[in-house]
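Shown next: data_11.cif, containing mmCIF, C-alpha atoms and all ligand atoms.
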```cif
data_query
#
loop_
_atom_site.label_atom_id
_atom_site.label_comp_id
_atom_site.auth_asym_id
_atom_site.auth_seq_id
_atom_site.Cartn_x
_atom_site.Cartn_y
_atom_site.Cartn_z
CA MET A 1 35.69 -15.76 64.14
CA SER A 2 31.94 -15.46 63.76
CA PHE A 3 30.19 -16.82 60.70
CA LEU A 4 27.06 -14.82 61.41
CA VAL A 5 26.37 -11.96 59.04
CA LYS A 6 27.51 -8.71 60.61
CA ASN A 7 24.14 -6.96 60.44
CA TYR A 8 24.16 -6.39 64.20
CA ASN A 9 26.54 -4.38 66.30
CA ARG A 10 26.70 -7.10 68.96
CA LYS A 11 28.26 -6.79 72.38
CA LYS A 12 30.76 -9.52 73.24
CA ILE A 13 28.80 -10.68 76.25
CA ALA A 14 26.71 -13.87 76.05
CA PHE A 15 24.31 -15.45 78.52
CA ASN A 16 23.51 -19.06 79.24
CA LYS A 17 20.93 -18.84 81.99
CA GLY A 18 18.11 -16.56 83.03
CA LYS A 19 15.73 -16.38 85.95
CA GLY A 20 13.05 -13.74 86.32
CA SER A 21 14.65 -10.30 86.01
CA PHE A 22 18.21 -11.64 85.95
CA LEU A 23 20.61 -13.08 83.38
CA ILE A 24 23.80 -15.03 84.08
CA SER A 25 26.65 -14.50 81.63
CA THR A 26 28.79 -17.33 80.28
CA LYS A 27 31.49 -15.97 82.61
CA GLY A 28 29.18 -16.51 85.58
CA GLN A 29 28.30 -12.86 86.21
CA LYS A 30 24.77 -11.85 87.20
CA TYR A 31 23.03 -8.98 85.43
CA LEU A 32 19.73 -7.24 86.10
CA ASP A 33 18.08 -7.52 82.70
CA PHE A 34 15.98 -4.45 81.90
CA VAL A 35 16.06 -5.17 78.18
CA GLN A 36 14.14 -8.47 78.34
CA GLY A 37 14.70 -9.18 74.68
CA ILE A 38 13.35 -5.68 73.89
CA ALA A 39 9.99 -5.87 75.65
CA VAL A 40 9.54 -9.52 74.69
CA ASN A 41 9.93 -11.51 77.92
CA SER A 42 6.83 -10.09 79.63
CA LEU A 43 7.22 -12.52 82.54
CA GLY A 44 11.02 -12.44 82.71
CA HIS A 45 13.22 -15.44 82.07
CA ALA A 46 12.28 -19.07 82.75
CA ASP A 47 8.84 -18.43 84.19
CA PRO A 48 7.66 -21.80 85.59
CA ARG A 49 4.15 -21.37 84.10
CA LEU A 50 5.58 -20.85 80.61
CA ILE A 51 8.01 -23.75 81.02
CA LYS A 52 5.09 -25.97 81.96
CA ALA A 53 3.00 -24.83 78.98
CA LEU A 54 5.89 -25.41 76.58
CA LYS A 55 6.73 -28.82 78.05
CA ASN A 56 3.15 -30.07 78.05
CA GLN A 57 2.39 -28.89 74.54
CA SER A 58 5.71 -30.19 73.17
CA LYS A 59 4.65 -33.71 74.09
CA LYS A 60 1.31 -33.35 72.31
CA ILE A 61 1.73 -31.54 69.01
CA TRP A 62 4.08 -28.82 67.77
CA HIS A 63 2.90 -27.87 64.35
CA VAL A 64 0.05 -28.53 61.97
CA SER A 65 -0.85 -26.62 58.85
CA ASN A 66 -3.39 -23.82 58.90
CA ALA A 67 -5.25 -26.01 56.41
CA PHE A 68 -6.67 -27.61 59.56
CA THR A 69 -8.48 -26.26 62.60
CA ILE A 70 -6.09 -25.41 65.44
CA PRO A 71 -8.03 -25.47 68.74
CA GLU A 72 -5.24 -23.74 70.72
CA GLY A 73 -5.42 -20.79 68.30
CA GLU A 74 -9.23 -20.72 68.34
CA LYS A 75 -9.03 -20.54 72.12
CA LEU A 76 -6.54 -17.66 72.21
CA ALA A 77 -8.41 -15.69 69.53
CA LYS A 78 -11.65 -16.06 71.50
CA LYS A 79 -10.02 -14.78 74.67
CA ILE A 80 -8.51 -11.80 72.85
CA VAL A 81 -11.86 -10.95 71.25
CA GLN A 82 -13.67 -11.21 74.58
CA LYS A 83 -11.23 -8.85 76.31
CA THR A 84 -10.41 -6.27 73.63
CA PHE A 85 -11.84 -4.07 70.84
CA ALA A 86 -11.15 -6.85 68.32
CA ASP A 87 -13.75 -8.99 66.57
CA PHE A 88 -11.22 -11.16 64.75
CA VAL A 89 -7.56 -12.19 65.05
CA MET A 90 -5.00 -13.38 62.51
CA PHE A 91 -1.83 -14.96 63.91
CA GLN A 92 1.70 -14.35 62.60
CA ASN A 93 5.21 -14.96 63.91
CA SER A 94 6.71 -11.54 64.33
CA GLY A 95 6.11 -7.82 64.55
CA ALA A 96 7.02 -6.96 60.99
CA GLU A 97 4.74 -9.67 59.66
CA ALA A 98 1.96 -8.31 61.84
CA THR A 99 2.39 -4.71 60.65
CA GLU A 100 2.58 -5.82 57.02
CA ALA A 101 -0.50 -7.97 57.43
CA ALA A 102 -2.24 -4.95 58.99
CA ILE A 103 -1.49 -3.00 55.81
CA LYS A 104 -2.83 -5.87 53.71
CA VAL A 105 -6.04 -5.94 55.76
CA ALA A 106 -6.56 -2.18 55.28
CA ARG A 107 -5.96 -2.30 51.53
CA ARG A 108 -8.03 -5.41 51.02
CA TYR A 109 -10.95 -3.87 52.85
CA PHE A 110 -11.17 -0.94 50.45
CA TYR A 111 -10.60 -3.25 47.50
CA SER A 112 -13.48 -5.42 48.70
CA ILE A 113 -15.87 -2.45 48.79
CA GLY A 114 -14.93 -1.38 45.28
CA LYS A 115 -12.32 1.28 46.15
CA PRO A 116 -9.04 -0.30 45.03
CA LYS A 117 -7.36 3.09 44.60
CA LYS A 118 -7.81 3.87 48.27
CA ASN A 119 -4.58 2.12 49.22
CA ARG A 120 -2.04 4.60 50.59
CA VAL A 121 -0.87 4.41 54.18
CA LEU A 122 0.12 7.50 56.14
CA CYS A 123 2.82 7.03 58.80
CA ILE A 124 5.05 9.08 61.06
CA LYS A 125 8.45 9.86 59.61
CA ASN A 126 11.21 7.87 61.36
CA SER A 127 8.78 5.57 63.11
CA PHE A 128 9.39 1.85 63.37
CA HIS A 129 7.20 -0.88 61.95
CA GLY A 130 9.79 -3.59 61.33
CA ARG A 131 12.54 -4.49 58.89
CA THR A 132 10.82 -6.25 56.00
CA ILE A 133 10.88 -4.51 52.66
CA ALA A 134 7.49 -2.78 52.93
CA ALA A 135 7.82 -2.11 56.67
CA ILE A 136 11.05 -0.14 56.17
CA TYR A 137 9.33 2.10 53.64
CA ALA A 138 6.39 2.45 56.03
CA SER A 139 8.83 3.60 58.70
CA GLY A 140 10.11 6.32 56.37
CA SER A 141 13.61 6.30 57.72
CA LYS A 142 16.46 7.14 55.38
CA LYS A 143 18.87 5.00 57.34
CA MET A 144 16.68 1.90 57.28
CA THR A 145 15.83 2.12 53.57
CA GLU A 146 19.26 3.11 52.27
CA GLY A 147 20.43 0.63 49.64
CA PHE A 148 17.20 -1.33 49.56
CA GLY A 149 15.50 0.36 46.64
CA PRO A 150 13.51 0.49 44.49
CA LYS A 151 11.29 2.36 46.88
CA ILE A 152 8.05 0.64 47.79
CA ASN A 153 5.33 3.05 46.82
CA GLY A 154 2.15 3.62 48.78
CA PHE A 155 3.41 5.32 51.93
CA ASP A 156 3.24 8.97 52.95
CA HIS A 157 4.89 10.53 55.99
CA PHE A 158 4.32 13.38 58.40
CA ASP A 159 6.58 14.55 61.20
CA PHE A 160 5.76 13.53 64.78
CA GLY A 161 3.39 16.16 66.21
CA ASP A 162 2.84 17.97 62.89
CA HIS A 163 -0.96 17.92 62.81
CA LYS A 164 -1.12 20.33 59.88
CA SER A 165 0.88 18.08 57.62
CA LEU A 166 -1.04 15.02 58.84
CA LYS A 167 -4.32 16.64 57.77
CA LYS A 168 -2.86 17.85 54.49
CA LEU A 169 -1.47 14.46 53.54
CA ILE A 170 -4.75 12.57 53.92
CA SER A 171 -6.13 12.30 50.39
CA LYS A 172 -9.00 10.41 48.81
CA ASN A 173 -6.51 7.60 48.18
CA THR A 174 -5.50 7.22 51.82
CA ALA A 175 -6.60 3.86 53.19
CA ALA A 176 -5.14 4.10 56.67
CA VAL A 177 -3.10 6.07 59.14
CA MET A 178 -0.64 3.75 60.89
CA ILE A 179 1.21 4.93 63.99
CA GLU A 180 2.77 3.44 67.10
CA THR A 181 0.69 4.43 70.15
CA ILE A 182 4.00 4.91 71.94
CA MET A 183 6.99 5.17 69.64
CA GLY A 184 9.53 2.65 70.90
CA GLU A 185 12.64 2.63 68.70
CA GLY A 186 11.94 6.28 67.90
CA GLY A 187 12.75 7.31 71.48
CA ILE A 188 9.78 6.42 73.73
CA LYS A 189 7.54 9.17 72.46
CA VAL A 190 4.02 8.87 73.87
CA ILE A 191 1.19 10.03 71.60
CA PRO A 192 -1.03 12.03 74.01
CA ASP A 193 -4.61 10.81 74.52
CA TRP A 194 -6.07 14.00 73.03
CA CYS A 195 -4.05 13.42 69.87
CA LEU A 196 -5.33 9.86 69.57
CA LYS A 197 -8.89 11.13 70.02
CA GLY A 198 -8.36 13.82 67.39
CA LEU A 199 -6.81 11.31 65.05
CA ARG A 200 -9.74 8.91 65.41
CA LYS A 201 -12.14 11.74 64.65
CA LEU A 202 -10.12 12.81 61.63
CA CYS A 203 -9.98 9.22 60.34
CA ASP A 204 -13.75 8.90 60.73
CA GLN A 205 -14.35 12.17 58.88
CA LYS A 206 -12.06 11.19 56.02
CA LYS A 207 -13.22 7.54 55.99
CA VAL A 208 -9.71 6.31 56.70
CA LEU A 209 -8.81 3.32 58.86
CA LEU A 210 -6.76 3.72 62.01
CA ILE A 211 -3.97 1.19 62.57
CA LEU A 212 -2.26 1.42 65.95
CA ASP A 213 1.02 -0.51 66.01
CA GLU A 214 1.20 -1.96 69.51
CA VAL A 215 3.99 -4.43 68.76
CA GLN A 216 6.16 -2.87 71.47
CA CYS A 217 3.79 -0.90 73.70
CA GLY A 218 0.97 -3.47 73.78
CA VAL A 219 0.25 -6.58 75.85
CA GLY A 220 0.46 -4.90 79.25
CA ARG A 221 3.70 -3.00 78.71
CA SER A 222 2.03 0.40 79.24
CA GLY A 223 0.09 -0.70 82.33
CA ASP A 224 -3.07 -1.21 80.28
CA PHE A 225 -3.41 -4.21 78.02
CA PHE A 226 -3.17 -1.78 75.09
CA ALA A 227 -1.55 1.63 75.35
CA PHE A 228 -4.51 3.21 73.49
CA GLU A 229 -7.10 2.05 76.06
CA LYS A 230 -6.58 5.05 78.32
CA SER A 231 -7.67 7.36 75.49
CA LYS A 232 -10.89 5.36 74.96
CA VAL A 233 -10.16 5.40 71.23
CA LYS A 234 -11.11 2.34 69.19
CA PRO A 235 -8.69 1.54 66.38
CA ASP A 236 -9.67 -0.59 63.38
CA ILE A 237 -6.53 -2.72 63.19
CA VAL A 238 -3.85 -3.44 65.79
CA PRO A 239 -0.69 -5.45 65.12
CA ILE A 240 0.88 -6.97 68.24
CA ALA A 241 3.90 -9.24 68.75
CA LYS A 242 6.84 -8.87 71.15
CA GLY A 243 5.21 -9.38 74.56
CA ILE A 244 2.47 -11.85 73.64
CA GLY A 245 4.80 -14.86 73.36
CA GLY A 246 6.81 -14.12 76.50
CA GLY A 247 9.92 -15.06 74.48
CA PHE A 248 8.33 -17.40 71.96
CA PRO A 249 7.95 -15.76 68.53
CA ILE A 250 4.29 -14.84 68.05
CA GLY A 251 2.67 -12.00 66.16
CA ALA A 252 -0.98 -11.20 65.58
CA VAL A 253 -3.22 -8.73 63.81
CA LEU A 254 -6.36 -7.78 65.70
CA MET A 255 -9.19 -6.15 63.79
CA ASN A 256 -12.84 -5.20 63.80
CA LYS A 257 -15.57 -6.99 61.88
CA LYS A 258 -15.77 -4.37 59.16
CA VAL A 259 -12.21 -4.71 57.94
CA ALA A 260 -12.02 -8.47 58.57
CA SER A 261 -14.73 -8.92 55.94
CA GLY A 262 -12.19 -8.28 53.18
CA MET A 263 -9.92 -11.12 54.26
CA VAL A 264 -11.64 -14.00 52.54
CA ALA A 265 -10.05 -17.43 52.07
CA GLY A 266 -6.78 -17.26 50.19
CA THR A 267 -6.00 -13.59 50.83
CA HIS A 268 -3.30 -14.18 53.45
CA GLY A 269 -1.42 -17.04 55.02
CA SER A 270 1.56 -18.08 57.05
CA THR A 271 3.10 -21.54 57.38
CA PHE A 272 4.12 -21.15 61.01
CA GLY A 273 1.74 -18.43 62.19
CA GLY A 274 -0.53 -19.65 64.97
CA ASN A 275 0.85 -23.18 65.33
CA PRO A 276 -0.21 -25.21 68.40
CA LEU A 277 3.08 -24.80 70.29
CA ALA A 278 3.07 -21.01 69.85
CA MET A 279 -0.63 -20.78 70.66
CA GLN A 280 -0.37 -22.79 73.88
CA ILE A 281 2.32 -20.41 75.10
CA GLY A 282 0.34 -17.40 73.88
CA ASN A 283 -2.68 -18.60 75.85
CA THR A 284 -0.59 -18.89 79.00
CA VAL A 285 0.95 -15.41 78.63
CA PHE A 286 -2.43 -13.88 77.80
CA ASP A 287 -4.19 -15.47 80.80
CA ILE A 288 -1.63 -13.95 83.15
CA VAL A 289 -0.96 -10.58 81.55
CA SER A 290 -4.57 -9.65 80.73
CA LYS A 291 -5.75 -10.01 84.36
CA LYS A 292 -6.80 -6.74 85.93
CA SER A 293 -4.86 -7.44 89.11
CA PHE A 294 -1.69 -8.08 87.06
CA LEU A 295 -2.12 -4.84 85.09
CA ASP A 296 -2.93 -2.89 88.26
CA ASN A 297 0.35 -4.13 89.65
CA VAL A 298 2.23 -2.99 86.53
CA LYS A 299 0.60 0.44 86.92
CA LYS A 300 1.45 0.67 90.61
CA LYS A 301 5.06 -0.47 90.35
CA SER A 302 5.81 1.56 87.24
CA LYS A 303 4.35 4.67 88.86
CA TYR A 304 6.73 4.20 91.77
CA PHE A 305 9.67 3.60 89.42
CA LEU A 306 8.89 6.61 87.21
CA LYS A 307 8.57 8.86 90.27
CA LYS A 308 11.97 7.74 91.54
CA LEU A 309 13.53 8.13 88.08
CA ASN A 310 12.20 11.67 87.92
CA LYS A 311 13.87 12.33 91.26
CA VAL A 312 17.17 11.13 89.79
CA LYS A 313 16.58 13.39 86.80
CA ASN A 314 16.02 16.35 89.10
CA GLU A 315 19.27 15.55 90.91
CA TYR A 316 21.20 15.27 87.66
CA PRO A 317 19.51 17.64 85.19
CA ASN A 318 22.77 18.03 83.30
CA ILE A 319 22.82 14.34 82.47
CA ILE A 320 19.15 13.38 82.17
CA GLU A 321 16.97 15.77 80.20
CA GLU A 322 13.69 13.92 80.48
CA VAL A 323 12.09 10.73 81.77
CA ARG A 324 9.71 9.45 79.10
CA GLY A 325 7.19 6.69 78.76
CA ARG A 326 4.37 4.89 80.47
CA GLY A 327 4.20 1.67 82.45
CA PHE A 328 7.37 -0.32 81.90
CA LEU A 329 8.15 1.24 78.53
CA ILE A 330 10.56 3.84 79.79
CA GLY A 331 13.16 6.12 78.25
CA LEU A 332 15.77 8.32 79.85
CA LYS A 333 16.51 11.05 77.35
CA LEU A 334 20.09 12.13 77.99
CA ARG A 335 21.65 15.49 77.20
CA LYS A 336 24.15 13.78 74.91
CA ASP A 337 24.88 10.48 73.22
CA GLN A 338 23.74 7.64 75.43
CA SER A 339 26.19 4.85 74.49
CA SER A 340 28.76 5.48 77.24
CA PHE A 341 25.96 5.77 79.83
CA ILE A 342 24.54 2.41 78.74
CA LYS A 343 28.03 0.89 78.91
CA LYS A 344 28.53 2.21 82.47
CA LEU A 345 25.15 0.78 83.52
CA MET A 346 26.28 -2.53 82.07
CA ASP A 347 29.62 -2.35 83.92
CA ASN A 348 27.45 -2.04 87.03
CA LYS A 349 25.41 -5.09 85.98
CA LEU A 350 22.30 -3.36 84.69
CA LEU A 351 21.30 -4.09 81.09
CA THR A 352 19.42 -1.40 79.14
CA ILE A 353 19.17 -0.61 75.43
CA ARG A 354 19.30 2.45 73.24
CA ALA A 355 16.51 4.13 71.31
CA ALA A 356 16.69 7.13 68.96
CA ASP A 357 16.97 10.66 70.33
CA ASN A 358 19.73 9.92 72.93
CA VAL A 359 17.34 7.70 74.83
CA VAL A 360 18.30 4.89 77.22
CA ARG A 361 15.43 2.42 77.05
CA ILE A 362 14.47 0.64 80.27
CA LEU A 363 12.23 -2.41 79.86
CA PRO A 364 11.83 -4.47 83.04
CA PRO A 365 9.75 -7.64 82.93
CA LEU A 366 6.12 -6.81 83.75
CA ASN A 367 6.30 -8.94 86.90
CA VAL A 368 9.47 -7.22 88.18
CA LYS A 369 9.89 -7.03 91.96
CA LYS A 370 10.09 -3.75 93.83
CA SER A 371 13.51 -4.73 95.20
CA GLU A 372 14.74 -5.14 91.61
CA LEU A 373 13.47 -1.69 90.68
CA ASP A 374 15.31 -0.33 93.73
CA LEU A 375 18.48 -2.10 92.64
CA ALA A 376 18.20 -0.52 89.18
CA LEU A 377 17.64 2.91 90.73
CA LYS A 378 20.73 2.47 92.87
CA ILE A 379 22.84 1.59 89.82
CA ILE A 380 21.44 4.47 87.74
CA LYS A 381 22.16 6.92 90.58
CA LYS A 382 25.69 5.58 90.97
CA VAL A 383 26.39 5.96 87.26
CA CYS A 384 24.98 9.50 87.30
CA PHE A 385 27.15 10.34 90.32
CA GLU A 386 30.30 9.04 88.63
CA TYR A 387 29.45 10.33 85.14
C1 LIG A 401 9.81 -4.41 67.13
C2 LIG A 401 8.75 -3.70 66.41
C3 LIG A 401 8.28 -4.13 65.15
C4 LIG A 401 8.93 -5.28 64.42
O1 LIG A 401 8.89 -6.48 65.11
P1 LIG A 401 9.83 -7.70 64.65
O2 LIG A 401 9.33 -8.84 65.49
O3 LIG A 401 11.24 -7.30 64.97
O4 LIG A 401 9.63 -7.91 63.21
C5 LIG A 401 7.23 -3.46 64.58
N1 LIG A 401 6.66 -2.40 65.17
C6 LIG A 401 7.08 -1.95 66.37
C7 LIG A 401 6.40 -0.80 67.00
C8 LIG A 401 8.16 -2.57 67.02
O5 LIG A 401 8.60 -2.09 68.17
#
```
Could the structure of this file be written out as structure tokens, please?
Ligand SMILES: *Cc1c(COP(=O)(O)O)cnc(C)c1O
Amino acid sequence: MSFLVKNYNRKKIAFNKGKGSFLISTKGQKYLDFVQGIAVNSLGHADPRLIKALKNQSKKIWHVSNAFTIPEGEKLAKKIVQKTFADFVMFQNSGAEATEAAIKVARRYFYSIGKPKKNRVLCIKNSFHGRTIAAIYASGSKKMTEGFGPKINGFDHFDFGDHKSLKKLISKNTAAVMIETIMGEGGIKVIPDWCLKGLRKLCDQKKVLLILDEVQCGVGRSGDFFAFEKSKVKPDIVPIAKGIGGGFPIGAVLMNKKVASGMVAGTHGSTFGGNPLAMQIGNTVFDIVSKKSFLDNVKKKSKYFLKKLNKVKNEYPNIIEEVRGRGFLIGLKLRKDQSSFIKKLMDNKLLTIRAADNVVRILPPLNVKKSELDLALKIIKKVCFEY
């Protein structure tokens, strides 16, 4: 009997040990973990550098209030600003908090320049920005919002790829367009670079802010530190989370100087966000993952893996319709419902996770070994053969 609320459809399996790309179940069985907490454990399980950071910091100081200066957070923010588009950073604890704070930043900016009515946010229908009450209405999914009314006003939605409706829906009251650079939960749908460029131009013309939700696709997952970098587009606000803590809950909102000017003292806060323990771990993850050589390695290995996956697709076109994604944010779109395929992969000791659109999501740690990618390919081929 479980006394946990039944809001998850949990598998029976549990794990009590992890090392790198592998997990050991409580029954002693070894699994190749290509879920990694849904793109969270950037460096796999039990990375010695992260263990050291956690241990050292835990002996010094865990938590102090944001009423005081937190040097570990100052340090991480400075590094992020030096390496990215951002001029300022605001730390949170999770993805949903980061996306909601991003919305607050956008609205507050227009309020601060005397345009309080410019407050609507335009999103892609059936996207994913988290599960808090405003984030579910931002996502515009019937399933996620069902039973949680009254509806939170202030969001408009266009269909993925429907440029006409996107243009039509931008009004004088639109504050921001918020999209995921690569839609994760929605089925690993990559927004093409030319679309991002067009969107930036459109936002500039209409004086609308661009929020790119990189909670899942950011922090090295795509092979670049941010998935939008390849397009050369500069967003105004970027929420991140998942990968930046390497398994420790951290979220952040990155923003340019212009929009940060609205966030004066008292406009936002978080008790836990940016505490010393989280920040020390964040610093360690960032130092590793933001290195060019590390990202080059993600690019190289993921290119190899995607090429091989496409070969499997070509061998089994009746099972796999498409290989989607970039870097180590990968989706196999199947011809039909993916649940039995995921179960068979698991029976063969490979863990993957679903996404919308019949997609099997594959999320190796960013420091995965080539031999582990080969092992996954072998299992995927075997399951296709027996399917
Ligand atoms: C996971 C996710 C979120 C929500 O993050 P939580 O930490 O679960 O609140 C928001 N946006 C995107 C794109 C995500 O993938």
Open item on the list: I need every residue sitting at most 12 Å from the point (17.2, 6.5, 72.5) (coordinates as in the file, all atoms listed in the file considered), written as a PyMOL selection string.
Closed with: chain A and resi 183-189+322-325+330-339+341-342+352-362
Task: Within-7 Å residues of ligand LIG 401 (chain A), basis all atoms listed in the file, as a ChimeraX atom specification - done: /A:94-97,99,128-131,180,183-185,213-216,241-242
Open item on the list: I want to know what sits within 6 Å of stretch 116-126 of chain A, based on all atoms listed in the file, with residues of the same chain fewer than 5 positions away left out; could you give that as a ChimeraX atom specification?
Closed with: /A:107,110-111,139-141,154-160,173-179
Open item on the list: Just checking: using all atoms listed in the file, which residue out of A:Ile320, A:Leu329, A:Phe148, A:Val89 ends up closest to A:Val40?
Closed with: A:Leu329
Open item on the list: What's around stretch 25-32 of chain A at 9 Å? Count only C-alpha atoms, leave out sequence neighbours fewer than 3 positions away in its own chain, and write the answer as number ranges by chain.
Closed with: A: 13-18, 21-22, 35, 346, 348-351, 364, 372, 375-376
- [ ] Compare A:Pro249, A:Pro150, A:Gly220, A:Gly243 by their minimum atom-to-atom distance to A:Gly274, counting only C-alpha atoms, and give me the closest one.
- [x]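 Of A:Pro249, A:Pro150, A:Gly220, A:Gly243, the one nearest A:Gly274 is A:Pro249, counting only C-alpha atoms.
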Open item on the list: From (-6.5, 4.7, 76.0), in the file's coordinates, out to 10 Å: which residues are reached, counting only C-alpha atoms? Answer as a list of chain:residue names.
Closed with: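 Residues satisfying the cut-off, written out: A:Thr181, A:Pro192, A:Asp193, A:Trp194, A:Leu196, A:Lys197, A:Asp224, A:Phe225, A:Phe226, A:Ala227, A:Phe228, A:Glu229, A:Lys230, A:Ser231, A:Lys232, A:Val233, A:Lys234.
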TODO: Pick out the residues sitting within 12 Å of A:Ile250, and hand them over as an MDAnalysis selection string; count only C-alpha atoms, and ignore anything fewer than 2 positions along from it in its own chain.
DONE: chainID A and resid 40:41 73 76 90:98 215 239:248 252:253 270 272:283 285:286
Padding of 8 Å on every side, edges along x, y and z, all listed atoms of stretch 103-114 of chain A included: what centre and edge lengths in Å, to one decimal, does that box have, as JSON?
```
{"center_x": -8.7, "center_y": -3.4, "center_z": 50.5, "size_x": 30.4, "size_y": 21.0, "size_z": 26.5}
```
- [ ] Quick one: everything within 9 Å of A:Thr284, counting all atoms listed in the file, minus sequence neighbours fewer than 6 positions away in the same chain. Send it as an NGL selection string.
- [x] :A and (49-50 or 53 or 245)
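A straight line drawn from atom CA of A:Gly161 to atom CA of A:Ala101 is 26.0 Å long.
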TODO: Measuring atom to atom with only C-alpha atoms, identify which of A:Ala39, A:Leu199, A:Ile170, A:Ala77 is nearest to A:Gly327.
DONE: A:Ala39
TODO: May I ask for the distance between atom CA of A:Phe88 and atom CA of A:Val208, given in Å to one decimal place?
DONE: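 Interatomic distance, atom CA of A:Phe88 to atom CA of A:Val208: 19.3 Å.
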Open item on the list: From the options A:Met144, A:Val259, A:Leu4, A:Cys217, which residue's atoms come nearest to A:Phe328, counting only C-alpha atoms?
Closed with: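 For A:Phe328, the nearest of the given residues is A:Cys217.
Minimum atom-to-atom distances from A:Lys164, A:Lys75, A:Lys303, A:Lys369 to A:Gly20 were compared using all atoms listed in the file, and the lowest value belongs to A:Lys369.
Note that the spacing between atom CA of A:Gln82 and atom CA of A:Lys59 amounts to 29.0 Å.
Among the candidates A:Leu345, A:Cys384, A:Ala106, A:Met263, the one nearest to A:Lys313 when counting all atoms listed in the file is A:Cys384.
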Neighbours of A:Asp87 within 8 Å (only C-alpha atoms; same-chain residues fewer than 5 positions away dropped), as an mmCIF file with C-alpha atoms, keeping the file's coordinate frame?
```cif
data_model
loop_
_atom_site.group_PDB
_atom_site.id
_atom_site.type_symbol
_atom_site.label_atom_id
_atom_site.label_comp_id
_atom_site.auth_asym_id
_atom_site.auth_seq_id
_atom_site.Cartn_x
_atom_site.Cartn_y
_atom_site.Cartn_z
ATOM 1 C CA VAL A 81 -11.860 -10.950 71.250
ATOM 2 C CA LEU A 254 -6.360 -7.780 65.700
ATOM 3 C CA MET A 255 -9.190 -6.150 63.790
ATOM 4 C CA ASN A 256 -12.840 -5.200 63.800
ATOM 5 C CA LYS A 257 -15.570 -6.990 61.880
#
```
